[in-house]
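A.B. asks: Here you go, this is entry38.txt (compact mmCIF, C-alpha atoms (C1' of nucleotides)).
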# COMPACT_ATOMS: atom_id res chain seq x y z
CA MET A 13 108.46 93.86 122.78
CA GLY A 14 108.87 90.51 121.16
CA LYS A 15 108.48 88.76 117.89
CA GLN A 16 104.89 89.75 117.20
CA VAL A 17 105.83 93.41 116.91
CA THR A 18 108.82 92.60 114.78
CA GLU A 19 106.68 90.83 112.23
CA MET A 20 103.96 93.45 112.31
CA LEU A 21 106.49 96.19 111.73
CA LYS A 22 107.32 94.75 108.35
CA GLY A 23 105.85 97.18 105.92
CA THR A 24 104.62 99.45 108.68
CA LEU A 25 107.93 100.78 109.89
CA GLU A 26 108.51 102.24 106.48
CA GLY A 27 105.26 104.18 106.74
CA ILE A 28 106.11 105.27 110.25
CA VAL A 29 109.44 106.71 109.16
CA LEU A 30 107.89 108.44 106.16
CA ALA A 31 105.24 109.90 108.45
CA ILE A 32 107.93 111.23 110.75
CA LEU A 33 109.73 112.79 107.81
CA SER A 34 106.52 114.37 106.59
CA GLY A 35 106.56 116.52 109.71
CA ARG A 36 110.18 117.61 109.51
CA PRO A 37 113.50 116.50 108.06
CA ALA A 38 115.45 114.14 110.29
CA TYR A 39 118.48 111.85 110.37
CA GLY A 40 118.82 108.20 111.28
CA TYR A 41 120.15 108.42 114.78
CA GLU A 42 117.48 110.93 115.69
CA ILE A 43 114.68 108.81 114.25
CA THR A 44 115.84 105.72 116.10
CA ALA A 45 116.00 107.62 119.37
CA TRP A 46 112.54 109.06 118.82
CA LEU A 47 111.07 105.64 118.05
CA ARG A 48 112.54 104.17 121.21
CA ASP A 49 111.10 107.06 123.12
CA GLN A 50 107.68 106.30 121.69
CA GLY A 51 107.68 102.75 123.00
CA PHE A 52 109.32 100.90 120.13
CA SER A 53 111.81 99.81 122.71
CA ASP A 54 113.81 97.38 120.67
CA ILE A 55 114.01 98.87 117.27
CA ALA A 56 117.51 97.97 116.21
CA GLU A 57 119.93 100.70 115.28
CA GLY A 58 120.72 99.15 111.95
CA THR A 59 117.12 98.67 110.97
CA VAL A 60 116.38 102.36 110.53
CA TYR A 61 119.53 103.00 108.53
CA ALA A 62 118.78 100.14 106.17
CA LEU A 63 115.27 101.45 105.73
CA LEU A 64 116.52 104.95 104.97
CA VAL A 65 118.87 103.63 102.32
CA ARG A 66 115.95 101.76 100.78
CA ILE A 67 113.59 104.72 100.58
CA GLU A 68 116.38 106.89 99.27
CA ARG A 69 117.10 104.41 96.49
CA ARG A 70 113.42 104.47 95.63
CA GLY A 71 113.46 108.23 95.35
CA LEU A 72 111.02 108.97 98.14
CA VAL A 73 113.36 111.25 100.06
CA ASP A 74 116.02 113.87 99.47
CA VAL A 75 119.27 113.72 101.40
CA GLU A 76 121.60 116.39 102.66
CA LYS A 77 124.82 115.88 104.54
CA VAL A 78 125.03 118.21 107.48
CA PRO A 79 128.06 118.54 109.79
CA SER A 80 127.41 117.77 113.45
CA GLU A 81 129.08 119.41 116.44
CA LYS A 82 129.17 116.13 118.27
CA GLY A 83 130.32 113.51 115.84
CA PRO A 84 130.43 112.44 112.24
CA PRO A 85 128.26 114.30 109.73
CA ARG A 86 124.54 113.60 109.73
CA LYS A 87 122.57 112.48 106.74
CA VAL A 88 119.40 114.51 106.96
CA TYR A 89 116.46 113.06 105.04
CA SER A 90 113.41 115.00 103.90
CA LEU A 91 110.28 113.77 102.19
CA ASN A 92 109.89 114.86 98.56
CA ALA A 93 106.82 114.98 96.35
CA GLN A 94 107.05 111.33 95.39
CA GLY A 95 107.49 110.40 99.01
CA ARG A 96 104.38 112.30 99.98
CA GLU A 97 102.40 110.49 97.35
CA TYR A 98 103.71 107.17 98.57
CA LEU A 99 102.87 108.11 102.14
CA GLU A 100 99.29 108.86 101.18
CA GLU A 101 99.01 105.46 99.61
CA PHE A 102 100.45 103.99 102.75
CA TRP A 103 97.70 105.61 104.81
CA ARG A 104 95.06 104.28 102.46
CA THR A 105 96.45 100.76 102.77
CA TRP A 106 96.73 101.14 106.52
CA SER A 107 93.12 102.29 106.77
CA PHE A 108 92.00 99.31 104.75
CA LEU A 109 93.79 96.96 107.12
CA THR A 110 92.58 98.60 110.32
CA GLU A 111 88.99 98.57 109.13
CA ARG A 112 89.07 94.84 108.40
CA LEU A 113 90.73 94.11 111.70
CA GLU A 114 88.35 96.28 113.66
CA LYS A 115 85.45 94.34 112.22
CA LEU A 116 87.09 91.07 113.05
CA ARG A 117 87.76 92.20 116.57
CA GLU A 118 84.17 93.14 117.18
CA GLY A 119 82.82 90.03 115.54
CA GLY A 120 85.01 87.88 117.70
CA LYS A 121 83.45 89.04 120.95
CA MET B 20 96.34 95.26 96.04
CA GLY B 21 100.02 95.63 95.65
CA LYS B 22 103.25 95.28 97.50
CA GLN B 23 102.38 97.56 100.41
CA VAL B 24 99.61 95.26 101.59
CA THR B 25 101.80 92.22 101.14
CA GLU B 26 104.41 93.60 103.48
CA MET B 27 101.88 94.84 105.99
CA LEU B 28 100.21 91.44 106.06
CA LYS B 29 103.38 89.92 107.40
CA GLY B 30 102.62 89.32 111.02
CA THR B 31 99.05 90.53 110.63
CA LEU B 32 97.64 87.76 108.50
CA GLU B 33 98.40 85.32 111.25
CA GLY B 34 96.31 87.35 113.65
CA ILE B 35 93.55 87.69 111.10
CA VAL B 36 93.30 83.93 110.64
CA LEU B 37 93.38 83.32 114.37
CA ALA B 38 90.63 85.89 114.80
CA ILE B 39 88.53 84.11 112.20
CA LEU B 40 89.07 80.81 113.97
CA SER B 41 88.10 82.35 117.28
CA GLY B 42 84.61 82.79 115.90
CA ARG B 43 84.20 79.31 114.48
CA PRO B 44 86.27 76.38 113.24
CA ALA B 45 87.18 76.58 109.56
CA TYR B 46 89.34 74.99 106.88
CA GLY B 47 91.88 76.48 104.52
CA TYR B 48 89.90 76.76 101.35
CA GLU B 49 87.05 78.38 103.22
CA ILE B 50 89.30 80.90 104.93
CA THR B 51 90.94 81.90 101.67
CA ALA B 52 87.58 82.39 100.00
CA TRP B 53 86.34 84.47 102.92
CA LEU B 54 89.44 86.67 102.88
CA ARG B 55 89.05 87.33 99.17
CA ASP B 56 85.46 88.22 99.80
CA GLN B 57 86.52 90.73 102.42
CA GLY B 58 88.72 92.61 99.99
CA PHE B 59 92.03 90.79 100.39
CA SER B 60 91.73 90.20 96.72
CA ASP B 61 95.08 88.65 96.04
CA ILE B 62 95.74 86.48 99.02
CA ALA B 63 97.42 83.50 97.44
CA GLU B 64 95.96 80.06 97.90
CA GLY B 65 99.16 78.60 99.25
CA THR B 66 99.72 81.38 101.74
CA VAL B 67 96.86 80.38 104.00
CA TYR B 68 97.80 76.72 103.96
CA ALA B 69 101.37 77.47 104.91
CA LEU B 70 100.16 79.70 107.72
CA LEU B 71 97.83 77.00 109.01
CA VAL B 72 100.64 74.49 109.07
CA ARG B 73 102.71 76.96 111.05
CA ILE B 74 100.15 77.72 113.71
CA GLU B 75 99.37 74.05 114.04
CA ARG B 76 103.02 73.25 114.62
CA ARG B 77 103.08 75.92 117.30
CA GLY B 78 100.14 74.33 119.04
CA LEU B 79 97.72 77.24 118.66
CA VAL B 80 95.02 75.21 116.93
CA ASP B 81 93.48 71.76 116.97
CA VAL B 82 92.85 69.93 113.71
CA GLU B 83 90.18 67.51 112.62
CA LYS B 84 89.88 65.78 109.26
CA VAL B 85 86.33 65.95 107.97
CA PRO B 86 85.13 64.26 104.75
CA SER B 87 83.63 66.56 102.13
CA GLU B 88 80.84 65.77 99.71
CA LYS B 89 82.53 67.71 96.99
CA GLY B 90 86.17 66.79 97.05
CA PRO B 91 89.05 65.62 99.16
CA PRO B 92 88.66 65.69 102.96
CA ARG B 93 88.85 69.04 104.72
CA LYS B 94 91.22 69.86 107.52
CA VAL B 95 89.11 71.82 109.96
CA TYR B 96 91.07 73.99 112.37
CA SER B 97 89.80 75.30 115.68
CA LEU B 98 91.44 77.67 118.14
CA ASN B 99 92.51 76.08 121.42
CA ALA B 100 93.31 77.67 124.79
CA GLN B 101 96.88 78.48 123.83
CA GLY B 102 95.69 79.98 120.58
CA ARG B 103 93.23 82.20 122.40
CA GLU B 104 95.98 83.44 124.65
CA TYR B 105 98.18 84.15 121.67
CA LEU B 106 95.33 85.97 119.94
CA GLU B 107 94.84 88.22 122.94
CA GLU B 108 98.50 89.13 122.84
CA PHE B 109 98.13 89.82 119.16
CA TRP B 110 95.33 92.28 119.86
CA ARG B 111 97.42 94.03 122.49
CA THR B 112 100.31 94.38 120.07
CA TRP B 113 97.95 95.54 117.34
CA SER B 114 96.45 98.18 119.64
CA PHE B 115 99.91 99.44 120.48
CA LEU B 116 100.72 99.85 116.81
CA THR B 117 97.45 101.51 115.86
CA GLU B 118 97.75 104.00 118.69
CA ARG B 119 101.24 105.10 117.63
CA LEU B 120 100.18 105.37 114.02
CA GLU B 121 97.05 107.30 114.83
CA LYS B 122 99.13 109.84 116.69
CA LEU B 123 101.56 110.09 113.80
CA ARG B 124 98.75 110.55 111.36
CA GLU B 125 97.23 113.40 113.29
CA GLY B 126 100.56 115.04 113.94
CA GLY B 127 101.36 114.98 110.26
CA LYS B 128 98.41 117.13 109.26
C1' DT C 2 145.13 107.88 126.29
C1' DC C 3 140.84 105.91 127.17
C1' DG C 4 135.95 105.54 127.51
C1' DG C 5 131.48 107.29 126.20
C1' DC C 6 128.32 109.54 123.22
C1' DT C 7 127.17 110.70 118.53
C1' DA C 8 126.47 108.77 113.81
C1' DT C 9 126.59 105.55 109.93
C1' DT C 10 127.33 101.10 107.45
C1' DC C 11 127.26 96.19 106.37
C1' DA C 12 127.21 90.95 106.09
C1' DG C 13 124.56 87.24 107.67
C1' DT C 14 120.08 85.25 109.69
C1' DG C 15 115.07 84.05 110.35
C1' DT C 16 110.37 84.84 109.37
C1' DT C 17 106.94 85.80 106.30
C1' DG C 18 103.86 86.02 102.12
C1' DC C 19 103.96 85.07 97.05
C1' DT C 20 104.72 82.21 92.72
C1' DA C 21 103.77 78.31 90.38
C1' DG C 22 102.87 73.88 90.10
C1' DA C 23 101.53 69.15 91.59
C1' DT C 24 98.19 66.07 93.67
C1' DA C 25 93.53 64.34 94.57
C1' DC C 26 88.36 63.70 94.86
C1' DC C 27 83.99 64.44 92.68
C1' DG C 28 80.21 65.56 89.27
C1' DG C 29 78.67 66.52 84.70
C1' DT C 30 79.25 66.33 79.68
C1' DA C 31 80.80 65.00 75.06
C1' DT D 11 85.48 56.33 78.32
C1' DA D 12 87.77 60.80 78.45
C1' DC D 13 87.83 65.33 79.84
C1' DC D 14 86.98 69.51 82.41
C1' DG D 15 85.78 72.50 86.24
C1' DG D 16 85.12 73.12 91.08
C1' DT D 17 86.65 71.67 95.59
C1' DA D 18 90.71 70.94 98.67
C1' DT D 19 95.53 70.50 100.13
C1' DC D 20 100.61 70.65 99.80
C1' DT D 21 105.35 71.99 98.37
C1' DA D 22 109.90 74.06 96.69
C1' DG D 23 111.98 78.19 95.60
C1' DC D 24 111.90 83.33 95.81
C1' DA D 25 111.85 88.28 97.50
C1' DA D 26 111.32 91.63 101.10
C1' DC D 27 111.97 93.03 105.57
C1' DA D 28 113.60 93.61 110.51
C1' DC D 29 117.15 91.87 113.64
C1' DT D 30 121.99 90.58 115.19
C1' DG D 31 126.47 91.89 115.84
C1' DA D 32 130.21 94.13 114.64
C1' DA D 33 133.07 97.65 112.43
C1' DT D 34 134.19 102.47 111.48
C1' DA D 35 134.58 107.35 112.60
C1' DG D 36 134.38 112.04 114.92
C1' DC D 37 134.18 114.54 119.10
C1' DC D 38 134.84 115.58 124.12
C1' DG D 39 135.94 115.13 128.98
C1' DA D 40 138.44 112.55 132.63
Can you dump the structure from the file as structure tokens?
C.D. replies:
Amino acid sequence: MGKQVTEMLKGTLEGIVLAILSGRPAYGYEITAWLRDQGFSDIAEGTVYALLVRIERRGLVDVEKVPSEKGPPRKVYSLNAQGREYLEEFWRTWSFLTERLEKLREGGK
Amino acid sequence: MGKQVTEMLKGTLEGIVLAILSGRPAYGYEITAWLRDQGFSDIAEGTVYALLVRIERRGLVDVEKVPSEKGPPRKVYSLNAQGREYLEEFWRTWSFLTERLEKLREGGK
DNA sequence: TCGGCTATTCAGTGTTGCTAGATACCGGTA
DNA sequence: TACCGGTATCTAGCAACACTGAATAGCCGA
């Protein structure tokens, strides 16, 4: 979609992925495919994997290696307690931002 | 407010400043003060100035130097036609993001 | 054997906001 | 005079993040 989305995704993509994982465990390839399906047409393959490594290192997710019938083993990520807490904080921050922007948008008309 | 906001502001702050300028011309110091007032408590002084330089270089704003009674001259920025166009695109991108996230938020409950 | 799909990893790049400090103009006060 | 606080801008260096592009690896069908 262009550079604007790319910049806006910084900080948000992390929340998006955590939100996905809050619904059900998932692995990188799957998440990327889902995102593309949802209109994030040019999310790069590598981006999601790097993000997953990051949130794993921070202890927000648990990982399990699961064999796949169709290729190399999958690394299935699931949100743990700390991750859920972090996700809630993400939603609070997100709400804060959207409120300010909504006001600005109305004021600007 | 913490690191989450910092990351989320990347890409968004630019739109915020453009939105402010769409209402009325303003200068850096003023914008920073207004942002802090609106709850962006730790927007750094330098951040806004750097952003203004950037959007000026991209031709989104016009600049006028205006003497101040209380200090060095102000650089007053105003949104031009190209800036307005860019701002509209920003709002479209922003809407796209908020829609996806709203869906995710509801789905996750 | 080769190409295509599944699946992950990694080094290098550009953009962005923050840190921390310098510079400058002005008024009031000791 | 000398100093300080408020106004106002600018800059170099840093950290975090998403993207680029490529490599690696397992599986299956032609």
A.B. asks: Within 7 Å of chain B, which residues of chain C show up? Give each one with its shortest atom-to-atom distance in Å (one decimal) and the two atoms involved, counting all atoms listed in the file, rows by chain then rising residue number, as a Markdown table.
C.D. replies:
| residue | atom | partner | partner_atom | distance |
| --- | --- | --- | --- | --- |
| C:DT17 | C1' | B:Lys29 | CA | 5.6 |
| C:DG18 | C1' | B:Thr66 | CA | 6.2 |
| C:DC19 | C1' | B:Ala63 | CA | 6.7 |
| C:DA25 | C1' | B:Pro91 | CA | 6.5 |
| C:DC26 | C1' | B:Gly90 | CA | 4.4 |
| C:DC27 | C1' | B:Gly90 | CA | 5.4 |
A.B. asks: Please write as a compact mmCIF listing (two decimals) with C-alpha atoms (C1' of nucleotides), in the coordinates of the input the list of polymer residues whose atoms come within 12 Å of (141.0, 112.0, 134.2), counting only C-alpha atoms (C1' of nucleotides) and keeping to the coordinates of the file.
C.D. replies:
# COMPACT_ATOMS: atom_id res chain seq x y z
C1' DT C 2 145.13 107.88 126.29
C1' DC C 3 140.84 105.91 127.17
C1' DG C 4 135.95 105.54 127.51
C1' DG D 39 135.94 115.13 128.98
C1' DA D 40 138.44 112.55 132.63
A.B. asks: As a PyMOL selection string, could you give me every residue of chain A near chain B (at most 12 Å apart, counting only C-alpha atoms)?
C.D. replies: chain A and resi 13-36+47-52+96+98-121
A.B. asks: Distance limit 9 Å, atoms considered: only C-alpha atoms (C1' of nucleotides). Which chain D residues sit that close to chain A? Return them as a PyMOL selection string.
C.D. replies: chain D and resi 26-30+35-38
A.B. asks: Can you measure CA of Leu64 in chain A to CA of Tyr41 in chain A for me? One decimal in Å is fine.
C.D. replies: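 Interatomic distance, CA of Leu64 in chain A to CA of Tyr41 in chain A: 11.0 Å.
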A.B. asks: Give me, please, the distance in Å between CA of Ala38 in chain A and C1' of DG13 in chain C, quoted to one decimal.
C.D. replies: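 Calculated distance between CA of Ala38 in chain A and C1' of DG13 in chain C is 28.5 Å.
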A.B. asks: Neighbouring residues of range 73-79 of chain B were defined as those with any atom within 7 Å, considering only C-alpha atoms (C1' of nucleotides); residues of the same chain fewer than 6 positions away were excluded. Please report them as a PyMOL selection string.
C.D. replies: chain B and resi 98-99+101-102
A.B. asks: Could you complete range 87-99 of chain A so that it carries N, CA and C atoms, and give it back as a JSON list (two decimals), in the frame of the given file?
C.D. replies:
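The resulting file, out09.json, is shown below:
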[["chain", "number", "residue", "atom", "x", "y", "z"],
["A", 87, "LYS", "N", 123.26, 112.51, 108.02],
["A", 87, "LYS", "CA", 122.57, 112.48, 106.74],
["A", 87, "LYS", "C", 121.12, 112.82, 107.01],
["A", 88, "VAL", "N", 120.76, 114.04, 106.66],
["A", 88, "VAL", "CA", 119.40, 114.51, 106.96],
["A", 88, "VAL", "C", 118.47, 114.21, 105.78],
["A", 89, "TYR", "N", 117.42, 113.48, 106.06],
["A", 89, "TYR", "CA", 116.46, 113.06, 105.04],
["A", 89, "TYR", "C", 115.21, 113.93, 105.09],
["A", 90, "SER", "N", 114.70, 114.29, 103.92],
["A", 90, "SER", "CA", 113.41, 115.00, 103.90],
["A", 90, "SER", "C", 112.52, 114.40, 102.81],
["A", 91, "LEU", "N", 111.25, 114.37, 103.10],
["A", 91, "LEU", "CA", 110.28, 113.77, 102.19],
["A", 91, "LEU", "C", 110.09, 114.66, 100.96],
["A", 92, "ASN", "N", 110.16, 114.08, 99.77],
["A", 92, "ASN", "CA", 109.89, 114.86, 98.56],
["A", 92, "ASN", "C", 108.48, 114.56, 98.05],
["A", 93, "ALA", "N", 108.18, 115.12, 96.88],
["A", 93, "ALA", "CA", 106.82, 114.98, 96.35],
["A", 93, "ALA", "C", 106.42, 113.51, 96.18],
["A", 94, "GLN", "N", 107.34, 112.74, 95.62],
["A", 94, "GLN", "CA", 107.05, 111.33, 95.39],
["A", 94, "GLN", "C", 106.84, 110.60, 96.71],
["A", 95, "GLY", "N", 107.61, 110.99, 97.69],
["A", 95, "GLY", "CA", 107.49, 110.40, 99.01],
["A", 95, "GLY", "C", 106.14, 110.70, 99.64],
["A", 96, "ARG", "N", 105.68, 111.92, 99.43],
["A", 96, "ARG", "CA", 104.38, 112.30, 99.98],
["A", 96, "ARG", "C", 103.25, 111.49, 99.36],
["A", 97, "GLU", "N", 103.39, 111.29, 98.07],
["A", 97, "GLU", "CA", 102.40, 110.49, 97.35],
["A", 97, "GLU", "C", 102.39, 109.06, 97.90],
["A", 98, "TYR", "N", 103.58, 108.54, 98.06],
["A", 98, "TYR", "CA", 103.71, 107.17, 98.57],
["A", 98, "TYR", "C", 103.15, 107.06, 99.98],
["A", 99, "LEU", "N", 103.37, 108.09, 100.77],
["A", 99, "LEU", "CA", 102.87, 108.11, 102.14],
["A", 99, "LEU", "C", 101.34, 108.09, 102.17]]
